[in-house]
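Data from start19.cif: mmCIF, C-alpha atoms
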data_upload
loop_
_atom_site.group_PDB
_atom_site.id
_atom_site.type_symbol
_atom_site.label_atom_id
_atom_site.label_comp_id
_atom_site.auth_asym_id
_atom_site.auth_seq_id
_atom_site.Cartn_x
_atom_site.Cartn_y
_atom_site.Cartn_z
ATOM 1 C CA MET A 1 -158.189 -84.398 135.241
ATOM 2 C CA GLU A 2 -154.623 -84.004 136.521
ATOM 3 C CA HIS A 3 -153.641 -85.154 139.945
ATOM 4 C CA ALA A 4 -154.208 -82.490 142.603
ATOM 5 C CA LYS A 5 -150.542 -81.515 142.700
ATOM 6 C CA LEU A 6 -148.077 -81.549 139.818
ATOM 7 C CA LYS A 7 -144.455 -81.428 140.920
ATOM 8 C CA PRO A 8 -142.542 -78.557 139.264
ATOM 9 C CA LEU A 9 -139.330 -79.720 137.636
ATOM 10 C CA MET A 10 -137.212 -77.253 139.619
ATOM 11 C CA ASP A 11 -138.404 -78.789 142.883
ATOM 12 C CA ASP A 12 -135.969 -81.612 142.079
ATOM 13 C CA PRO A 13 -132.761 -80.018 140.743
ATOM 14 C CA ASP A 14 -131.056 -83.346 140.067
ATOM 15 C CA TYR A 15 -134.022 -84.674 138.084
ATOM 16 C CA TYR A 16 -134.087 -81.342 136.254
ATOM 17 C CA THR A 17 -130.431 -81.945 135.369
ATOM 18 C CA LYS A 18 -131.269 -85.405 134.025
ATOM 19 C CA THR A 19 -134.031 -84.054 131.780
ATOM 20 C CA PHE A 20 -131.955 -81.056 130.715
ATOM 21 C CA HIS A 21 -129.055 -83.172 129.514
ATOM 22 C CA VAL A 22 -131.417 -85.215 127.325
ATOM 23 C CA PHE A 23 -132.837 -81.958 125.953
ATOM 24 C CA ALA A 24 -129.356 -80.484 125.449
ATOM 25 C CA LYS A 25 -128.193 -83.573 123.573
ATOM 26 C CA ARG A 26 -131.193 -83.548 121.253
ATOM 27 C CA SER A 27 -131.136 -79.798 120.694
ATOM 28 C CA GLU A 28 -127.352 -79.416 120.461
ATOM 29 C CA ASN A 29 -127.964 -76.619 122.951
ATOM 30 C CA ILE A 30 -124.345 -76.232 124.054
ATOM 31 C CA GLU A 31 -123.055 -76.228 120.475
ATOM 32 C CA ILE A 32 -125.637 -73.653 119.337
ATOM 33 C CA LEU A 33 -124.791 -71.362 122.262
ATOM 34 C CA ALA A 34 -121.060 -71.793 121.598
ATOM 35 C CA LYS A 35 -121.521 -70.719 117.976
ATOM 36 C CA TRP A 36 -123.580 -67.750 119.148
ATOM 37 C CA GLU A 37 -120.807 -66.838 121.604
ATOM 38 C CA ASP A 38 -118.172 -66.915 118.893
ATOM 39 C CA LYS A 39 -120.227 -64.549 116.735
ATOM 40 C CA PHE A 40 -121.678 -62.066 119.230
ATOM 41 C CA LEU A 41 -119.742 -62.173 122.511
ATOM 42 C CA PRO A 42 -116.621 -60.445 121.106
ATOM 43 C CA GLY A 43 -118.784 -57.345 120.626
ATOM 44 C CA VAL A 44 -119.890 -57.544 124.259
ATOM 45 C CA VAL A 45 -116.277 -57.896 125.380
ATOM 46 C CA GLU A 46 -115.278 -54.894 123.268
ATOM 47 C CA ARG A 47 -117.811 -52.780 125.138
ATOM 48 C CA LEU A 48 -116.168 -53.813 128.404
ATOM 49 C CA VAL A 49 -112.734 -53.026 126.955
ATOM 50 C CA GLU A 50 -113.935 -49.498 126.159
ATOM 51 C CA ARG A 51 -114.854 -48.952 129.834
ATOM 52 C CA LEU A 52 -112.137 -50.812 131.757
ATOM 53 C CA PRO A 53 -108.323 -50.727 131.732
ATOM 54 C CA SER A 54 -106.652 -53.925 130.576
ATOM 55 C CA ASP A 55 -105.100 -54.539 134.003
ATOM 56 C CA SER A 56 -108.569 -54.866 135.599
ATOM 57 C CA THR A 57 -109.952 -57.949 137.326
ATOM 58 C CA VAL A 58 -113.351 -58.382 135.707
ATOM 59 C CA ARG A 59 -116.023 -59.549 138.143
ATOM 60 C CA MET A 60 -118.485 -61.909 136.462
ATOM 61 C CA LEU A 61 -121.698 -63.480 137.770
ATOM 62 C CA GLY A 62 -123.196 -66.606 136.202
ATOM 63 C CA ILE A 63 -126.791 -67.465 137.136
ATOM 64 C CA GLY A 64 -127.970 -71.036 136.647
ATOM 65 C CA SER A 65 -124.659 -71.864 134.999
ATOM 66 C CA GLY A 66 -125.268 -75.604 134.837
ATOM 67 C CA SER A 67 -122.209 -77.709 134.097
ATOM 68 C CA GLY A 68 -120.297 -74.634 132.986
ATOM 69 C CA GLU A 69 -119.487 -75.199 129.321
ATOM 70 C CA VAL A 70 -120.992 -71.919 128.155
ATOM 71 C CA ASP A 71 -120.216 -69.641 131.108
ATOM 72 C CA SER A 72 -116.612 -70.805 131.463
ATOM 73 C CA SER A 73 -116.044 -70.159 127.760
ATOM 74 C CA MET A 74 -117.344 -66.607 128.233
ATOM 75 C CA ALA A 75 -115.030 -66.136 131.203
ATOM 76 C CA ALA A 76 -112.061 -67.314 129.117
ATOM 77 C CA MET A 77 -112.977 -64.935 126.299
ATOM 78 C CA ILE A 78 -113.111 -62.023 128.747
ATOM 79 C CA ARG A 79 -109.871 -63.115 130.444
ATOM 80 C CA ALA A 80 -108.082 -62.931 127.078
ATOM 81 C CA ARG A 81 -108.547 -59.148 127.134
ATOM 82 C CA PHE A 82 -108.019 -58.434 130.855
ATOM 83 C CA LYS A 83 -105.594 -59.215 133.655
ATOM 84 C CA ALA A 84 -107.947 -61.568 135.509
ATOM 85 C CA VAL A 85 -111.565 -62.676 135.947
ATOM 86 C CA HIS A 86 -113.378 -63.503 139.178
ATOM 87 C CA ASN A 87 -116.348 -65.654 138.169
ATOM 88 C CA THR A 88 -119.069 -66.137 140.798
ATOM 89 C CA VAL A 89 -121.277 -69.078 139.818
ATOM 90 C CA ILE A 90 -124.789 -69.758 141.147
ATOM 91 C CA GLU A 91 -126.278 -73.164 140.364
ATOM 92 C CA PRO A 92 -128.832 -75.102 142.465
ATOM 93 C CA ALA A 93 -128.064 -78.638 141.235
ATOM 94 C CA ALA A 94 -125.191 -80.400 143.022
ATOM 95 C CA SER A 95 -124.632 -82.757 140.086
ATOM 96 C CA GLN A 96 -124.216 -79.799 137.718
ATOM 97 C CA LEU A 97 -121.673 -78.168 140.018
ATOM 98 C CA ASP A 98 -119.721 -81.428 140.208
ATOM 99 C CA MET A 99 -119.457 -81.387 136.413
ATOM 100 C CA TYR A 100 -118.458 -77.709 136.515
ATOM 101 C CA ARG A 101 -115.661 -78.485 138.999
ATOM 102 C CA LYS A 102 -114.382 -81.266 136.760
ATOM 103 C CA LEU A 103 -114.472 -78.914 133.776
ATOM 104 C CA ILE A 104 -112.339 -76.409 135.702
ATOM 105 C CA ALA A 105 -109.894 -79.088 136.857
ATOM 106 C CA ASP A 106 -109.506 -80.464 133.334
ATOM 107 C CA GLY A 107 -108.961 -77.005 131.830
ATOM 108 C CA LYS A 108 -106.362 -75.446 134.117
ATOM 109 C CA GLU A 109 -104.365 -73.948 131.251
ATOM 110 C CA GLN A 110 -107.461 -72.656 129.469
ATOM 111 C CA PHE A 111 -108.725 -71.042 132.690
ATOM 112 C CA ALA A 112 -105.450 -69.525 133.885
ATOM 113 C CA GLY A 113 -106.177 -66.162 135.478
ATOM 114 C CA ILE A 114 -109.820 -67.048 136.218
ATOM 115 C CA ASP A 115 -110.938 -67.502 139.825
ATOM 116 C CA PHE A 116 -114.118 -69.585 140.043
ATOM 117 C CA GLU A 117 -116.340 -69.181 143.110
ATOM 118 C CA LEU A 118 -119.132 -71.789 143.019
ATOM 119 C CA HIS A 119 -122.333 -71.655 145.081
ATOM 120 C CA GLN A 120 -125.061 -74.297 145.233
ATOM 121 C CA ASP A 121 -127.998 -71.893 145.349
ATOM 122 C CA THR A 122 -130.801 -70.429 143.316
ATOM 123 C CA LEU A 123 -130.436 -66.711 142.662
ATOM 124 C CA ASP A 124 -133.126 -65.952 145.242
ATOM 125 C CA GLU A 125 -131.365 -68.086 147.874
ATOM 126 C CA TYR A 126 -128.037 -66.425 147.108
ATOM 127 C CA ARG A 127 -129.587 -62.975 147.385
ATOM 128 C CA ARG A 128 -131.028 -63.820 150.800
ATOM 129 C CA LYS A 129 -127.627 -64.984 152.043
ATOM 130 C CA LEU A 130 -125.960 -61.791 150.819
ATOM 131 C CA SER A 131 -128.683 -59.698 152.463
ATOM 132 C CA GLU A 132 -128.014 -61.399 155.789
ATOM 133 C CA THR A 133 -124.326 -60.462 155.581
ATOM 134 C CA GLY A 134 -124.989 -56.915 154.361
ATOM 135 C CA VAL A 135 -122.775 -57.478 151.316
ATOM 136 C CA HIS A 136 -123.844 -56.058 147.952
ATOM 137 C CA PRO A 137 -121.285 -57.077 145.302
ATOM 138 C CA LYS A 138 -121.032 -55.363 141.936
ATOM 139 C CA TYR A 139 -120.169 -57.049 138.652
ATOM 140 C CA HIS A 140 -118.843 -56.033 135.257
ATOM 141 C CA PHE A 141 -120.604 -58.882 133.461
ATOM 142 C CA ILE A 142 -123.688 -60.908 134.435
ATOM 143 C CA CYS A 143 -125.055 -63.766 132.363
ATOM 144 C CA ALA A 144 -128.315 -65.649 132.885
ATOM 145 C CA ILE A 145 -128.807 -68.263 130.181
ATOM 146 C CA HIS A 146 -132.259 -69.860 130.243
ATOM 147 C CA SER A 147 -132.469 -69.332 134.002
ATOM 148 C CA VAL A 148 -134.697 -66.323 134.731
ATOM 149 C CA TYR A 149 -137.751 -68.564 134.304
ATOM 150 C CA TYR A 150 -137.168 -69.792 137.848
ATOM 151 C CA VAL A 151 -136.899 -66.570 139.845
ATOM 152 C CA ASP A 152 -139.560 -65.645 142.396
ATOM 153 C CA ASP A 153 -140.239 -62.147 141.021
ATOM 154 C CA LEU A 154 -139.059 -61.168 137.528
ATOM 155 C CA ILE A 155 -139.474 -57.402 137.975
ATOM 156 C CA ASP A 156 -137.589 -57.387 141.270
ATOM 157 C CA THR A 157 -134.904 -59.678 139.825
ATOM 158 C CA ILE A 158 -134.245 -57.457 136.800
ATOM 159 C CA ARG A 159 -134.008 -54.372 138.989
ATOM 160 C CA TYR A 160 -131.628 -56.226 141.301
ATOM 161 C CA LEU A 161 -129.370 -57.462 138.500
ATOM 162 C CA HIS A 162 -129.261 -54.009 136.914
ATOM 163 C CA ASP A 163 -128.356 -52.528 140.290
ATOM 164 C CA CYS A 164 -125.589 -55.141 140.642
ATOM 165 C CA LEU A 165 -123.857 -53.894 137.484
ATOM 166 C CA GLU A 166 -120.884 -51.585 137.693
ATOM 167 C CA ASP A 167 -121.032 -48.466 135.554
ATOM 168 C CA GLY A 168 -120.525 -49.707 131.999
ATOM 169 C CA GLY A 169 -121.250 -53.286 133.066
ATOM 170 C CA MET A 170 -123.086 -55.717 130.813
ATOM 171 C CA LEU A 171 -126.069 -57.993 131.472
ATOM 172 C CA LEU A 172 -126.797 -60.895 129.098
ATOM 173 C CA ILE A 173 -130.067 -62.833 129.368
ATOM 174 C CA VAL A 174 -130.989 -65.697 127.047
ATOM 175 C CA ILE A 175 -134.694 -66.592 127.029
ATOM 176 C CA ILE A 176 -137.196 -68.315 124.746
ATOM 177 C CA SER A 177 -138.711 -66.106 122.059
ATOM 178 C CA ASP A 178 -142.384 -65.179 122.043
ATOM 179 C CA THR A 179 -142.775 -66.897 118.650
ATOM 180 C CA SER A 180 -141.262 -70.242 119.655
ATOM 181 C CA GLY A 181 -143.036 -73.552 119.983
ATOM 182 C CA THR A 182 -141.915 -73.633 123.588
ATOM 183 C CA TRP A 183 -143.819 -70.445 124.375
ATOM 184 C CA ARG A 184 -146.924 -71.579 122.511
ATOM 185 C CA PHE A 185 -146.832 -74.876 124.415
ATOM 186 C CA TRP A 186 -146.385 -73.146 127.777
ATOM 187 C CA GLN A 187 -149.242 -70.756 126.987
ATOM 188 C CA ARG A 188 -151.495 -73.685 126.082
ATOM 189 C CA TYR A 189 -150.698 -75.519 129.326
ATOM 190 C CA THR A 190 -150.491 -72.745 131.887
ATOM 191 C CA ARG A 191 -152.227 -75.091 134.320
ATOM 192 C CA PHE A 192 -148.978 -77.100 134.531
ATOM 193 C CA GLN A 193 -146.901 -74.184 135.728
ATOM 194 C CA ASP A 194 -145.627 -73.515 139.219
ATOM 195 C CA LYS A 195 -147.665 -70.541 140.410
ATOM 196 C CA ASN A 196 -144.552 -69.168 142.141
ATOM 197 C CA SER A 197 -142.587 -69.190 138.877
ATOM 198 C CA PRO A 198 -144.934 -68.321 135.997
ATOM 199 C CA TYR A 199 -143.776 -69.025 132.455
ATOM 200 C CA MET A 200 -142.126 -66.141 130.625
ATOM 201 C CA CYS A 201 -140.585 -65.213 127.288
ATOM 202 C CA THR A 202 -138.822 -62.311 125.561
ATOM 203 C CA ARG A 203 -141.969 -60.179 125.638
ATOM 204 C CA ASP A 204 -142.049 -60.252 129.438
ATOM 205 C CA LEU A 205 -138.466 -59.026 129.650
ATOM 206 C CA ARG A 206 -139.099 -56.287 127.093
ATOM 207 C CA ASP A 207 -142.038 -55.110 129.184
ATOM 208 C CA VAL A 208 -139.949 -55.034 132.374
ATOM 209 C CA PHE A 209 -137.050 -53.167 130.781
ATOM 210 C CA ASN A 210 -139.336 -50.640 129.105
ATOM 211 C CA ALA A 211 -141.341 -50.055 132.294
ATOM 212 C CA ASN A 212 -138.140 -49.389 134.230
ATOM 213 C CA GLY A 213 -136.523 -47.183 131.568
ATOM 214 C CA ILE A 214 -133.640 -49.608 130.991
ATOM 215 C CA PRO A 215 -132.299 -49.546 127.408
ATOM 216 C CA PHE A 216 -131.687 -52.987 125.887
ATOM 217 C CA THR A 217 -130.888 -54.781 122.646
ATOM 218 C CA VAL A 218 -132.560 -57.998 121.467
ATOM 219 C CA ILE A 219 -130.638 -60.393 119.222
ATOM 220 C CA ARG A 220 -132.848 -63.084 117.654
ATOM 221 C CA GLN A 221 -131.361 -66.535 117.305
ATOM 222 C CA PRO A 222 -132.117 -67.907 113.816
ATOM 223 C CA SER A 223 -134.770 -70.644 113.729
ATOM 224 C CA HIS A 224 -133.721 -73.520 115.956
ATOM 225 C CA PHE A 225 -135.410 -76.919 115.733
ATOM 226 C CA ILE A 226 -134.832 -79.964 117.921
ATOM 227 C CA ASP A 227 -135.712 -83.590 117.220
ATOM 228 C CA ILE A 228 -138.483 -84.657 119.625
ATOM 229 C CA THR A 229 -139.531 -87.785 117.709
ATOM 230 C CA SER A 230 -138.803 -89.975 120.735
ATOM 231 C CA CYS A 231 -141.517 -88.136 122.710
ATOM 232 C CA PHE A 232 -144.125 -90.083 120.722
ATOM 233 C CA ASP A 233 -142.676 -93.481 121.642
ATOM 234 C CA HIS A 234 -144.322 -94.390 124.952
ATOM 235 C CA ASP A 235 -141.574 -96.923 125.680
ATOM 236 C CA SER A 236 -138.782 -94.377 125.247
ATOM 237 C CA GLU A 237 -137.203 -93.170 128.500
ATOM 238 C CA GLU A 238 -135.562 -90.345 126.557
ATOM 239 C CA GLY A 239 -138.919 -89.314 125.137
ATOM 240 C CA ASN A 240 -140.568 -89.185 128.551
ATOM 241 C CA LEU A 241 -137.673 -87.121 129.923
ATOM 242 C CA LEU A 242 -137.983 -84.706 127.003
ATOM 243 C CA VAL A 243 -141.704 -84.271 127.663
ATOM 244 C CA ASP A 244 -140.937 -83.601 131.331
ATOM 245 C CA PHE A 245 -138.386 -80.952 130.396
ATOM 246 C CA LEU A 246 -140.660 -79.236 127.885
ATOM 247 C CA SER A 247 -143.617 -79.259 130.287
ATOM 248 C CA GLN A 248 -141.418 -78.396 133.308
ATOM 249 C CA VAL A 249 -143.220 -81.122 135.297
ATOM 250 C CA CYS A 250 -141.653 -84.139 137.026
ATOM 251 C CA ASP A 251 -143.065 -87.376 135.587
ATOM 252 C CA LEU A 252 -145.846 -85.747 133.609
ATOM 253 C CA ARG A 253 -146.935 -89.092 132.177
ATOM 254 C CA GLY A 254 -147.457 -90.525 135.667
ATOM 255 C CA SER A 255 -149.098 -87.355 136.968
ATOM 256 C CA VAL A 256 -151.944 -86.860 134.480
ATOM 257 C CA THR A 257 -154.547 -89.064 132.832
ATOM 258 C CA GLN A 258 -153.775 -90.898 129.614
ATOM 259 C CA GLU A 259 -156.145 -88.541 127.816
ATOM 260 C CA VAL A 260 -154.327 -85.432 129.023
ATOM 261 C CA HIS A 261 -150.920 -86.956 128.254
ATOM 262 C CA GLN A 262 -152.039 -87.803 124.715
ATOM 263 C CA GLU A 263 -153.439 -84.287 124.311
ATOM 264 C CA VAL A 264 -150.033 -82.901 125.305
ATOM 265 C CA LEU A 265 -148.256 -85.098 122.755
ATOM 266 C CA ASP A 266 -150.724 -84.140 120.036
ATOM 267 C CA TYR A 267 -150.114 -80.440 120.671
ATOM 268 C CA LEU A 268 -146.319 -80.864 120.826
ATOM 269 C CA GLY A 269 -146.461 -82.506 117.411
ATOM 270 C CA SER A 270 -148.867 -79.992 115.893
ATOM 271 C CA ALA A 271 -147.982 -77.221 113.454
ATOM 272 C CA GLU A 272 -148.275 -74.751 116.348
ATOM 273 C CA CYS A 273 -145.076 -76.140 117.857
ATOM 274 C CA SER A 274 -143.324 -78.400 115.363
ATOM 275 C CA GLU A 275 -142.607 -79.435 111.799
ATOM 276 C CA ARG A 276 -143.230 -83.009 110.675
ATOM 277 C CA LYS A 277 -140.928 -84.468 108.030
ATOM 278 C CA ASP A 278 -141.928 -87.074 105.453
ATOM 279 C CA ASP A 279 -139.838 -89.701 107.265
ATOM 280 C CA GLY A 280 -141.838 -89.184 110.488
ATOM 281 C CA THR A 281 -139.255 -87.010 112.253
ATOM 282 C CA VAL A 282 -140.803 -84.317 114.441
ATOM 283 C CA LEU A 283 -138.798 -81.086 114.803
ATOM 284 C CA PHE A 284 -139.806 -78.765 117.646
ATOM 285 C CA ASN A 285 -139.387 -74.982 117.305
ATOM 286 C CA ASP A 286 -137.149 -73.855 120.185
ATOM 287 C CA ASP A 287 -136.252 -70.322 119.059
ATOM 288 C CA TRP A 288 -134.666 -68.053 121.651
ATOM 289 C CA ASP A 289 -133.446 -64.491 122.014
ATOM 290 C CA ALA A 290 -130.431 -62.894 123.643
ATOM 291 C CA ILE A 291 -131.091 -59.635 125.476
ATOM 292 C CA ILE A 292 -128.140 -57.375 126.228
ATOM 293 C CA VAL A 293 -128.112 -54.426 128.621
ATOM 294 C CA GLN A 294 -125.235 -52.053 129.333
ATOM 295 C CA LYS A 295 -125.570 -49.890 132.403
ATOM 296 C CA PHE A 296 -124.542 -46.257 132.319
ATOM 297 C CA VAL A 297 -124.652 -44.087 135.439
ATOM 298 C CA MET A 298 -125.763 -40.548 134.574
#

As structure tokens, please, write out the structure in this file.
Amino acid sequence: MEHAKLKPLMDDPDYYTKTFHVFAKRSENIEILAKWEDKFLPGVVERLVERLPSDSTVRMLGIGSGSGEVDSSMAAMIRARFKAVHNTVIEPAASQLDMYRKLIADGKEQFAGIDFELHQDTLDEYRRKLSETGVHPKYHFICAIHSVYYVDDLIDTIRYLHDCLEDGGMLLIVIISDTSGTWRFWQRYTRFQDKNSPYMCTRDLRDVFNANGIPFTVIRQPSHFIDITSCFDHDSEEGNLLVDFLSQVCDLRGSVTQEVHQEVLDYLGSAECSERKDDGTVLFNDDWDAIIVQKFVM
């Protein structure tokens, strides 16, 4: 039996950052997203170009932007077609924002014409602060890359983000697919989840958009596998951090019995979630989808 209280990973943003960077290194997450950007984001930008004059200042909102590699690249791609970009960034982890600031400082030429406004908040915290001031900003482009898992209320959040779009504005959400190993693992271990932030996948977003009459497009990322072999080495710090990230629990190994921890490892390595190679390498299925919405005011 697990301890009475498992600590959700997002309750410790800096520890989350530590586990995420191990995951990102093993999954080549940044590189995969960058390649996706190069292929698909120009089409998103073209839709903005069709709606806005070239001398516009495009207002962009990044949610859970992390250390900024992906979001800042998007901002630069948009800036190349418009006069300026004002990029509001929401990220709860101080260590991630420090890396984002360094990225901006090191890329002054690349980010010319882009004004970065960084906030150490979750989206829900940021919304509450705006509500207190009576300000309701609108954006031409909103991106939430693997971050909507942590909102308090998905339906309310989607309605809010859609309302925050200018006419013709674009919303991009990246989320795990409903056929991925990640989703199968989360479904198997729902008892690990934070009851305030239930696990979700593409299907949940489709349901919300359909229920609210919001048209959307889903772009499936081709099969994406990450090397989780180190998870099965009990002496590997990297492996334990990977398990914590995948389970979304701080120190899972120290928080459950040996039997439960072994059960988790067995399921992670099973055909439900992973592929095993002849050399012993275990490759975890981490497929994800990009969902794109463009708002039109009738």

Contact check, region 151-181 of chain A to region 216-231 of chain A, at most 12 Å, counting all atoms listed in the file, closest pairs as a Markdown table:
| residue | atom | partner | partner_atom | distance |
| --- | --- | --- | --- | --- |
| A:His162 | CA | A:Phe216 | CA | 11.3 |
| A:Met170 | CA | A:Phe216 | CA | 10.3 |
| A:Leu171 | CA | A:Phe216 | CA | 9.4 |
| A:Leu172 | CA | A:Thr217 | CA | 9.8 |
| A:Ile173 | CA | A:Val218 | CA | 9.6 |
| A:Val174 | CA | A:Ile219 | CA | 9.5 |
| A:Ile175 | CA | A:Arg220 | CA | 10.2 |
| A:Ile176 | CA | A:Gln221 | CA | 9.6 |
| A:Ser177 | CA | A:Arg220 | CA | 7.9 |
| A:Asp178 | CA | A:Arg220 | CA | 10.7 |
| A:Thr179 | CA | A:Ser223 | CA | 10.1 |
| A:Ser180 | CA | A:Ser223 | CA | 8.8 |
| A:Gly181 | CA | A:Phe225 | CA | 9.4 |

Looking at A:Glu69, A:Asp153, A:Asp163, A:Asp106, which one is nearest to Ile214 (chain A), with distances taken over all atoms listed in the file?
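That would be A:Asp163, the residue with the smallest distance to Ile214 (chain A).
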
What is the distance, in Å and to one decimal place, between CA of Asp121 (chain A) and CA of Ile90 (chain A)?
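Atom-to-atom, CA of Asp121 (chain A) and CA of Ile90 (chain A) are spaced 5.7 Å apart.
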
Work out how far CA of His136 (chain A) is from CA of Leu118 (chain A), in Å to one decimal.
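Between these atoms lies a distance of 17.1 Å.
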
Report, in Å to a single decimal, how far apart CA of Gln193 (chain A) and CA of Pro8 (chain A) are.
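Taking CA of Pro8 (chain A) as the start and CA of Gln193 (chain A) as the end point, the length is 7.1 Å.
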
Using all atoms listed in the file, which of A:Ala211, A:Val264, A:Ala24, A:Ala34 sits nearest Phe232 (chain A)?
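Nearest to Phe232 (chain A): A:Val264.
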
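Of the residues listed (A:Ser73, A:Ser255, A:Thr190, A:Thr17), A:Ser73 shows the shortest atom-to-atom separation from Asp38 (chain A); distances use only C-alpha atoms.
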
Write out as a count of residues only the residues lying within 7 Å of region 39-53 of chain A, counting all atoms listed in the file and excluding same-chain residues fewer than 5 positions away.
3

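Nearest residue to Leu165 (chain A), choosing from A:Thr19, A:Gln248, A:Gln294, A:Ser131 and counting only C-alpha atoms: A:Gln294.
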
Sel. within 10 Å of pt (-140.1, -86.6, 129.8), counting only C-alpha atoms, output as number ranges by chain:
A: 18-20, 22-23, 230-231, 236-253

Using 3 Å of padding on each side, determine the axis-aligned box around all atoms of region 179-194 of chain A present in the file and give its centre and edge lengths in Å to one decimal, as lines of an AutoDock Vina configuration file.
center_x = -146.7
center_y = -72.0
center_z = 128.9
size_x = 17.0
size_y = 16.2
size_z = 26.6
